[in-house]
Amino acid sequence: MKFFLRTFFALGLAVIFFTPTYAASGNLVLKTDFKIWDINLGNIDWYASYDKDYFLGLEVNSQSDEASLIAPYLSVQSVEGVDSLKLRDYLIDKIVPDINRPKEDVTIDMDEKGQVVFQGRGLYGRTLDLDRAVKMISFAIDNGIGYVSLPIVKVEPIVTVLSDELKKMGIKELVSGGETNYARSPVNRINNIEVGLSKFNGHIIKQGEEFVFGDVLGPVDGTTGFKRELVILGDRTVPEYGGGLCQVSTTSYRAALAAGFPVTMRKNHSYAVSYYTPYGLDATVYPPSVDLKFVNDSPGAILMQTLTDYPKAYYNYYGTKDDRDVYMIGPYYSDRTPPPPARREYTTKLAPGEEEVLGHAVPGLNASWFRQVVYNEGEKKDESFLDHIFSHYQARPDFLMIGAAEGQELESDVISDDGYQD
């Protein structure tokens with residue numbers, strides 16, 4: 001099973017219908033399956049001047065025996081282009097630290113109580129292919145291409161399974177992984193992410209079974225280890241048990257996408273939340289009405305390992321790979337809208353003049369991704385499919401709740417539940 005981000009060389013058809021807004025703004029987007037870098041080309045120095053030789057208007061690159069014959073007719077023109085050394089230094093300084101990491105092996109067993117035990121983190125190693133990246137980015141800039149899928153060399157971890165029972169289920173290798181970043185989260189949100197991830201560590205999805213996030217998560221309240229943290233409820237942001245759980249579900253969702261599993265239920269957040277960049281690959285949950293579901297259509301069972309290493313959250317899915325390739329194409333952003341005017345609402349729940357922030361201004365946009373799953377061999381060869389993952393994010397205003405004076409007319413104070421959309 002392979003997971004790819006289509007490079008710009010393979011996007012001709014898609015670009016006809018969806019043009020990324022980055023190109024028009026003079027930006028270049030570098031992307032991987034877990035992060036996007038949006039670079040303003042006007043704010044960096046990747047360029048250098050150099051001379052080119054021209055013979056009767058034609059650029060001359062040859063150093064053949066003919067060079068001496070045409071030398072009297074050559075004209076020299078100074079041009080500006082991408083300096084590969086400057087670009088390489090930029091990648092090493094700004095991009096490589098977020099990508100490169102060594103592989104981490106894992107040993108998996110079951111204890112006498114039948115609980116799965118992990119020793120190690122099972123993360124694949126990855127390295128940015130600098131030579132290819134420099135060539136691809138230079139080509140993109142020279143040809144006005146707005147984004148580049150960075151070439152990454154991956155090294156699979158060694159997965160050692162000791163349990164015969166797990167082996168019989170088909171647990172033998174890393175099938176896919178999901179990763180998100182929750183940097184700058186408040187303390188309660190970090191707690192909820194860690195507690196939420198722990199609920200899934202060691203969970204097994206049988207072959208052909210539909211995974212339902214809420215069923216495994218269980219009750220979300222103070223008795224199950226969760227704390228109150230800000231969540232999106234309808235048109236406002238308020239404290240509630242479970243704030244942060246969407247980091248858990250989004251990480252699980254991205255691992256399911258990478259595995260090529262059919263996703264049967266997923267909902268994006270009502271507005272774009274910075275924890276879930278790149279936008280369009282988030283999954284909010286508020287069981288049972290809003291949930292995350294997907295089907296394990298791999299050849300065997302899937303074993304989940306969940307990890308947190310601040311500021312990163314990880315899901316690893318172990319099982320048996322089949323001969324499928326997974327391509328993620330996008331993102332394509334459109335219909336950007338500015339935040340609406342600031343909103344004020346008066347209430348008797350606060351003392352007169354007391355203020356409570358219920359939301360911050362956020363612009364709106366639409367995000368489209370495409371996931372192509374190709375079964376290369378076997379009975380499922382004719383079942384390849386292309387998903388259009390569409391997300392509409394509302395524009396939201398600054399929203400302030402103010403304590404009303406006695407006798408002051410109040411506005412509506414209705415809240416509609418919309419999930420752990422933190």
# chains A, B, ... in the order shown; residues from 1 in each chain; ligands from 1

$ residues_around --residues "Leu91 in chain A" --least-positions-apart "3" --cutoff "12 Å" --atoms "only C-alpha atoms" --output "list in words"
Leu30, Trp37, Ile39, Trp46, Ser84, Leu85, Lys86, Leu87, Arg88, Lys94, Ile95, Val96, Pro97, Asp98, Ile99, Asn100, Thr127, Leu128, Asp129, Leu130, Asp131, Arg132, Ala133, Val134, Ile137 and Leu150 of chain A

$ write_last_selection --atoms "C-alpha atoms" --output "PDB file, in the first residue's frame"
ATOM      1  CA  LEU A  30       5.029  23.550  -0.538  1.00  0.00           C
ATOM      2  CA  TRP A  37       4.164  25.939   3.880  1.00  0.00           C
ATOM      3  CA  ILE A  39       5.602  31.156   0.981  1.00  0.00           C
ATOM      4  CA  TRP A  46      16.066  32.909  -3.843  1.00  0.00           C
ATOM      5  CA  SER A  84      19.822  26.716  -6.356  1.00  0.00           C
ATOM      6  CA  LEU A  85      22.273  27.212  -3.468  1.00  0.00           C
ATOM      7  CA  LYS A  86      20.115  29.884  -1.848  1.00  0.00           C
ATOM      8  CA  LEU A  87      17.020  27.747  -2.311  1.00  0.00           C
ATOM      9  CA  ARG A  88      18.768  24.710  -0.880  1.00  0.00           C
ATOM     10  CA  LYS A  94      13.045  26.277   7.231  1.00  0.00           C
ATOM     11  CA  ILE A  95      11.594  23.052   5.858  1.00  0.00           C
ATOM     12  CA  VAL A  96      13.872  20.114   6.681  1.00  0.00           C
ATOM     13  CA  PRO A  97      13.468  20.416  10.487  1.00  0.00           C
ATOM     14  CA  ASP A  98       9.706  19.820  10.123  1.00  0.00           C
ATOM     15  CA  ILE A  99      10.179  16.796   7.849  1.00  0.00           C
ATOM     16  CA  ASN A 100      13.304  14.796   8.599  1.00  0.00           C
ATOM     17  CA  THR A 127      13.913  12.630   4.635  1.00  0.00           C
ATOM     18  CA  LEU A 128      13.399  15.470   2.196  1.00  0.00           C
ATOM     19  CA  ASP A 129      15.070  14.689  -1.139  1.00  0.00           C
ATOM     20  CA  LEU A 130      16.845  18.031  -1.405  1.00  0.00           C
ATOM     21  CA  ASP A 131      18.173  17.629  -4.952  1.00  0.00           C
ATOM     22  CA  ARG A 132      14.750  16.810  -6.383  1.00  0.00           C
ATOM     23  CA  ALA A 133      13.043  19.461  -4.258  1.00  0.00           C
ATOM     24  CA  VAL A 134      15.347  22.202  -5.569  1.00  0.00           C
ATOM     25  CA  ILE A 137      10.651  24.290  -6.923  1.00  0.00           C
ATOM     26  CA  LEU A 150       7.719  17.897  -1.800  1.00  0.00           C
TER      27      LEU A 150
END

$ residues_around --residues "range 173-179 of chain A" --least-positions-apart "2" --cutoff "9 Å" --atoms "only C-alpha atoms" --output "ChimeraX atom specification"
/A:1-3,33-34,122-124,156-161,170-171,181,250-260,302,312-321

$ select_by_dssp --residues "range 257-361 of chain A" --states "strand (DSSP E or B)" --output "PyMOL selection string"
chain A and resi 263-265+286+290+293-295+302-309+312-319+324-337+343-347+355-359

$ write_last_selection --atoms "C-alpha atoms" --output "mmCIF file, in the first residue's frame"
data_model
loop_
_atom_site.group_PDB
_atom_site.id
_atom_site.type_symbol
_atom_site.label_atom_id
_atom_site.label_comp_id
_atom_site.auth_asym_id
_atom_site.auth_seq_id
_atom_site.Cartn_x
_atom_site.Cartn_y
_atom_site.Cartn_z
ATOM 1 C CA VAL A 263 -14.888 6.776 4.720
ATOM 2 C CA THR A 264 -18.612 6.444 5.472
ATOM 3 C CA MET A 265 -19.100 9.483 7.746
ATOM 4 C CA TYR A 286 -20.107 15.004 18.581
ATOM 5 C CA VAL A 290 -21.775 13.840 14.349
ATOM 6 C CA LYS A 293 -16.745 6.279 10.459
ATOM 7 C CA PHE A 294 -14.722 4.238 7.984
ATOM 8 C CA VAL A 295 -14.532 0.623 6.826
ATOM 9 C CA ILE A 302 -6.283 -3.290 11.847
ATOM 10 C CA LEU A 303 -4.607 -2.528 15.174
ATOM 11 C CA MET A 304 -4.501 1.085 16.345
ATOM 12 C CA GLN A 305 -1.587 2.650 18.172
ATOM 13 C CA THR A 306 -2.034 6.217 19.413
ATOM 14 C CA LEU A 307 0.819 8.475 20.456
ATOM 15 C CA THR A 308 1.266 11.981 21.735
ATOM 16 C CA ASP A 309 4.576 13.805 21.813
ATOM 17 C CA LYS A 312 2.325 16.155 17.758
ATOM 18 C CA ALA A 313 -0.504 13.602 17.882
ATOM 19 C CA TYR A 314 -0.123 10.308 15.993
ATOM 20 C CA TYR A 315 -2.228 7.352 14.884
ATOM 21 C CA ASN A 316 -0.557 4.201 13.554
ATOM 22 C CA TYR A 317 -2.612 1.490 11.853
ATOM 23 C CA TYR A 318 -0.983 -1.954 11.789
ATOM 24 C CA GLY A 319 -2.233 -4.853 9.689
ATOM 25 C CA ARG A 324 -3.323 -0.361 -3.504
ATOM 26 C CA ASP A 325 -1.962 3.111 -4.121
ATOM 27 C CA VAL A 326 -3.445 6.202 -2.483
ATOM 28 C CA TYR A 327 -3.046 9.669 -3.998
ATOM 29 C CA MET A 328 -4.052 12.923 -2.290
ATOM 30 C CA ILE A 329 -4.629 15.771 -4.764
ATOM 31 C CA GLY A 330 -5.104 19.299 -3.460
ATOM 32 C CA PRO A 331 -5.881 21.475 -1.653
ATOM 33 C CA TYR A 332 -7.899 23.813 -3.844
ATOM 34 C CA TYR A 333 -9.246 26.839 -1.959
ATOM 35 C CA SER A 334 -11.998 29.070 -3.298
ATOM 36 C CA ASP A 335 -14.737 31.545 -2.319
ATOM 37 C CA ARG A 336 -12.718 33.262 0.370
ATOM 38 C CA THR A 337 -14.881 35.691 2.333
ATOM 39 C CA ARG A 343 -21.347 40.964 16.931
ATOM 40 C CA ARG A 344 -22.541 42.020 20.380
ATOM 41 C CA GLU A 345 -25.157 40.191 22.406
ATOM 42 C CA TYR A 346 -26.615 41.185 25.764
ATOM 43 C CA THR A 347 -27.574 38.725 28.486
ATOM 44 C CA GLU A 355 -17.957 40.801 29.025
ATOM 45 C CA GLU A 356 -17.326 37.279 27.731
ATOM 46 C CA VAL A 357 -15.691 36.456 24.379
ATOM 47 C CA LEU A 358 -17.737 33.873 22.445
ATOM 48 C CA GLY A 359 -15.778 33.890 19.210
#

$ residues_around --residues "Val29 in chain A" --least-positions-apart "6" --cutoff "8 Å" --atoms "only C-alpha atoms" --output "PDB file with C-alpha atoms, in the first residue's frame"
ATOM      1  CA  TYR A  22      -2.017  30.893  -4.162  1.00  0.00           C
ATOM      2  CA  ILE A  36       1.736  23.034   4.156  1.00  0.00           C
ATOM      3  CA  TRP A  37       4.164  25.939   3.880  1.00  0.00           C
ATOM      4  CA  ASP A  38       2.685  29.050   2.225  1.00  0.00           C
ATOM      5  CA  ILE A  39       5.602  31.156   0.981  1.00  0.00           C
ATOM      6  CA  GLY A 146       1.514  27.682  -7.536  1.00  0.00           C
ATOM      7  CA  TYR A 147       2.319  24.632  -5.459  1.00  0.00           C
ATOM      8  CA  VAL A 148       4.713  21.712  -5.189  1.00  0.00           C
TER       9      VAL A 148
END

$ closest_residue --among "A:Ile389, A:Leu400, A:Ile70, A:Ile92" --to "Asn366 in chain A" --atoms "only C-alpha atoms"
A:Ile389

$ closest_atom_pairs --of "range 137-195 of chain A" --to "range 110-121 of chain A" --cutoff "9 Å" --atoms "only C-alpha atoms" --output "CSV"
residue,atom,partner,partner_atom,distance
A:Leu162,CA,A:Met110,CA,7.9
A:Ser163,CA,A:Met110,CA,5.9
A:Glu165,CA,A:Met110,CA,8.3
A:Leu166,CA,A:Met110,CA,8.0

$ atom_distance --atom1 "CA of Gly378 in chain A" --atom2 "CA of Pro262 in chain A"
17.7 Å

$ select_by_dssp --residues "range 197-415 of chain A" --states "alpha helix (DSSP H)" --output "list of chain:residue names"
A:Leu197, A:Ser198, A:Phe213, A:Gly214, A:Asp215, A:Val216, A:Leu217, A:Leu245, A:Cys246, A:Gln247, A:Val248, A:Ser249, A:Thr250, A:Thr251, A:Ser252, A:Tyr253, A:Arg254, A:Ala255, A:Ala256, A:Leu257, A:Ala258, A:Ala259

$ closest_residue --among "A:Phe200, A:Lys172, A:Lys135, A:Ala361" --to "Asp109 in chain A" --atoms "only C-alpha atoms"
A:Lys172

$ closest_residue --among "A:Asn296, A:Thr284, A:Asn27, A:Gln247" --to "Gln207 in chain A" --atoms "only C-alpha atoms"
A:Asn296

$ atom_distance --atom1 "CA of Pro219 in chain A" --atom2 "CA of Asn201 in chain A"
16.4 Å

$ closest_residue --among "A:Glu383, A:Glu406, A:Glu80, A:Asp282" --to "Ala48 in chain A" --atoms "only C-alpha atoms"
A:Glu80
